[in-house]
Amino acid sequence: MRIRSILNKLIVIGLISITICFFLIMRLFSDASSTKVSSRSLHSTLSQPKLAVIVPYRDRFTELLLFVPHLSRFLHKQNIPFTINVINQNDSYRFNRASLINAGYSLVKDNCDYIAIHDVDLLPLNPNLEYRYPEHGPFHVSSPNLHPKYHYEKFVGGILLIKNDHFELVNGLSNKYWGWGLEDDEFYLRLKEANLQITRPTNIATGIEDTFLHLHDPAVRKRDYAKIFNQREITRKRDRETGLHDVKFELTSKTKMTIEDFACDIYSVKLNCDYKLTPWCDFSLVNKNKPKNVKPKI
Ligand SMILES: *[C@@H]1O[C@H](CO)[C@@H](O)[C@H](O)[C@H]1NC(C)=O
């Protein structure tokens, strides 16, 4: 009888110890797995996709003074690792926004996962405009229903996010667009042909008046709308010849600049013009060779 009750007690004690051991082990495992989770999330912050903002640029210093601090604050709030890269066209050809973007991409691609093709005169105001990694396809921040000026459905200018793989897939932008306009419409065709799905901001409560601040003042800044030689005809077509792979330029300087404590890199480049392919890159040719009725509006 006594032995039996001692045996019973031992069994109970044994059962209790086993249970305690079981819980201790479980605890240990869950600790281990939670450490794993937190180290993984730490890793993902470290390897968060990096954004390179690419700003095609010439003679817009007062706009740059506002742009760099504004966009830096805006992106800091979204915790996005970014650099601002101003691609300054330092040659005497007409402005070539598309080639500057191709050149800028070639210069920064090794240090980023995606780019924002960004006009210097368009400042995002609504904090819900996201600049996150566009994993599945280009993200057009300045969509036609938000941009102050351009409202056609195929518009992809202003601010467009695109990851490196996709930018390379479509061979960047055409290098044939000297002077103002149309290069983004041709870029739209490249995106469509590659079957890339363009997405745009949703659930934005602001509209065309108050989503962006548009610094451009047409009274002060005249745009170069001139169409010379057969430029009009050529630039209406999809260009299957030129792009990222054949953009030619020379980097004349790289300068780090700080504006209100916010850094940007200024890359000055001299673009190369293939006169046979795009004689309209150079106004001086017009003055020498063209009949008097062709007057470039600069
Ligand atoms: C622009 O190009 C000229 C040479 O044509 C060079 O002397 C000058 O340093 C360049 N400017 C910048 C900012 O790189």
# chains A, B, ... in the order shown; residues from 1 in each chain; ligands from 1
$ closest_atom_pairs --of "chain A" --to "ligand 1" --cutoff "12 Å" --atoms "only C-alpha atoms and all ligand atoms" --output "Markdown table"
| residue | atom | partner | partner_atom_place_in_ligand_line | distance |
| --- | --- | --- | --- | --- |
| A:Tyr57 | CA | ligand 1 | 13 (C) | 12.0 |
| A:Arg58 | CA | ligand 1 | 13 (C) | 10.8 |
| A:Asp59 | CA | ligand 1 | 13 (C) | 11.5 |
| A:Val86 | CA | ligand 1 | 13 (C) | 11.5 |
| A:Ile87 | CA | ligand 1 | 13 (C) | 10.5 |
| A:Asn88 | CA | ligand 1 | 13 (C) | 7.8 |
| A:Gln89 | CA | ligand 1 | 1 (C) | 8.6 |
| A:Asn90 | CA | ligand 1 | 1 (C) | 5.0 |
| A:Asp91 | CA | ligand 1 | 2 (O) | 6.7 |
| A:Ser92 | CA | ligand 1 | 5 (O) | 9.0 |
| A:Phe249 | CA | ligand 1 | 2 (O) | 12.0 |
| A:Glu250 | CA | ligand 1 | 2 (O) | 9.6 |
| A:Leu251 | CA | ligand 1 | 14 (O) | 7.5 |
| A:Thr252 | CA | ligand 1 | 14 (O) | 4.4 |
| A:Ser253 | CA | ligand 1 | 14 (O) | 4.3 |
| A:Lys254 | CA | ligand 1 | 14 (O) | 7.2 |
| A:Thr255 | CA | ligand 1 | 13 (C) | 8.0 |
| A:Lys256 | CA | ligand 1 | 13 (C) | 11.4 |
| A:Asp265 | CA | ligand 1 | 13 (C) | 11.7 |
| A:Ile266 | CA | ligand 1 | 13 (C) | 8.4 |
| A:Tyr267 | CA | ligand 1 | 14 (O) | 7.5 |
| A:Ser268 | CA | ligand 1 | 14 (O) | 4.7 |
| A:Val269 | CA | ligand 1 | 14 (O) | 6.9 |
| A:Lys270 | CA | ligand 1 | 2 (O) | 7.2 |
| A:Leu271 | CA | ligand 1 | 2 (O) | 10.8 |
$ select_by_dssp --residues "range 46-181 of chain A" --states "alpha helix (DSSP H)" --output "NGL selection string"
:A and (46 or 61-77 or 97-108 or 164-169)
$ write_last_selection --atoms "C-alpha atoms" --output "PDB file, in the first residue's frame"
ATOM      1  CA  LEU A  46      19.114  46.622 -45.214  1.00  0.00           C
ATOM      2  CA  PHE A  61      18.835  76.391 -61.122  1.00  0.00           C
ATOM      3  CA  THR A  62      16.074  78.137 -59.178  1.00  0.00           C
ATOM      4  CA  GLU A  63      13.856  75.103 -59.690  1.00  0.00           C
ATOM      5  CA  LEU A  64      16.634  72.793 -58.515  1.00  0.00           C
ATOM      6  CA  LEU A  65      16.997  74.830 -55.312  1.00  0.00           C
ATOM      7  CA  LEU A  66      13.391  73.998 -54.447  1.00  0.00           C
ATOM      8  CA  PHE A  67      13.304  70.506 -55.932  1.00  0.00           C
ATOM      9  CA  VAL A  68      16.144  68.827 -54.035  1.00  0.00           C
ATOM     10  CA  PRO A  69      15.061  69.758 -50.472  1.00  0.00           C
ATOM     11  CA  HIS A  70      11.378  69.184 -51.226  1.00  0.00           C
ATOM     12  CA  LEU A  71      11.754  65.734 -52.786  1.00  0.00           C
ATOM     13  CA  SER A  72      14.333  64.688 -50.168  1.00  0.00           C
ATOM     14  CA  ARG A  73      11.952  65.480 -47.309  1.00  0.00           C
ATOM     15  CA  PHE A  74       9.120  63.779 -49.168  1.00  0.00           C
ATOM     16  CA  LEU A  75      11.086  60.539 -49.692  1.00  0.00           C
ATOM     17  CA  HIS A  76      12.566  60.531 -46.176  1.00  0.00           C
ATOM     18  CA  LYS A  77       9.015  60.452 -44.813  1.00  0.00           C
ATOM     19  CA  ARG A  97      15.444  64.748 -72.271  1.00  0.00           C
ATOM     20  CA  ALA A  98      15.321  61.112 -73.389  1.00  0.00           C
ATOM     21  CA  SER A  99      19.063  60.767 -74.036  1.00  0.00           C
ATOM     22  CA  LEU A 100      19.800  62.445 -70.710  1.00  0.00           C
ATOM     23  CA  ILE A 101      17.662  59.806 -69.010  1.00  0.00           C
ATOM     24  CA  ASN A 102      19.496  57.018 -70.875  1.00  0.00           C
ATOM     25  CA  ALA A 103      22.839  58.571 -69.922  1.00  0.00           C
ATOM     26  CA  GLY A 104      21.735  59.027 -66.303  1.00  0.00           C
ATOM     27  CA  TYR A 105      20.604  55.440 -66.097  1.00  0.00           C
ATOM     28  CA  SER A 106      23.952  54.175 -67.451  1.00  0.00           C
ATOM     29  CA  LEU A 107      25.738  56.241 -64.801  1.00  0.00           C
ATOM     30  CA  VAL A 108      23.703  55.121 -61.762  1.00  0.00           C
ATOM     31  CA  ASN A 164      16.083  48.513 -63.804  1.00  0.00           C
ATOM     32  CA  ASP A 165      15.056  45.231 -65.443  1.00  0.00           C
ATOM     33  CA  HIS A 166      12.085  46.831 -67.151  1.00  0.00           C
ATOM     34  CA  PHE A 167      14.030  49.899 -68.265  1.00  0.00           C
ATOM     35  CA  GLU A 168      16.568  47.627 -69.910  1.00  0.00           C
ATOM     36  CA  LEU A 169      13.884  45.359 -71.333  1.00  0.00           C
TER      37      LEU A 169
END
$ closest_residue --among "A:Gly137, A:Gly181, A:Gly172, A:Pro49" --to "Gly157 in chain A" --atoms "only C-alpha atoms"
A:Gly181
$ residues_around --residues "Ile198 in chain A" --least-positions-apart "4" --cutoff "10 Å" --atoms "only C-alpha atoms" --output "VMD selection string"
chain A and resid 134 136 to 140 154 156 160 to 162 188 191 to 192
$ select_by_dssp --residues "range 36-262 of chain A" --states "strand (DSSP E)" --output "PyMOL selection string"
chain A and resi 51-57+82-89+114-118+122-124+139-140+159-163+212-214+249-259+262
$ atom_distance --atom1 "CA of His151 in chain A" --atom2 "CA of Ala226 in chain A"
22.7 Å
$ atom_distance --atom1 "CA of Lys237 in chain A" --atom2 "CA of Cys273 in chain A"
19.1 Å
$ residues_around --residues "Asp239 in chain A" --least-positions-apart "4" --cutoff "12 Å" --atoms "only C-alpha atoms" --output "ChimeraX atom specification"
/A:170-177,182-183,185-190,233-235,243,277
$ closest_residue --among "A:Cys281, A:Val141, A:Ile159, A:Ile18" --to "Asn230 in chain A" --atoms "only C-alpha atoms"
A:Cys281
$ atom_distance --atom1 "CA of Asn96 in chain A" --atom2 "CA of Ser284 in chain A"
16.1 Å
$ closest_residue --among "A:Asn272, A:Lys109, A:Leu125, A:Gly179" --to "Arg223 in chain A" --atoms "only C-alpha atoms"
A:Gly179
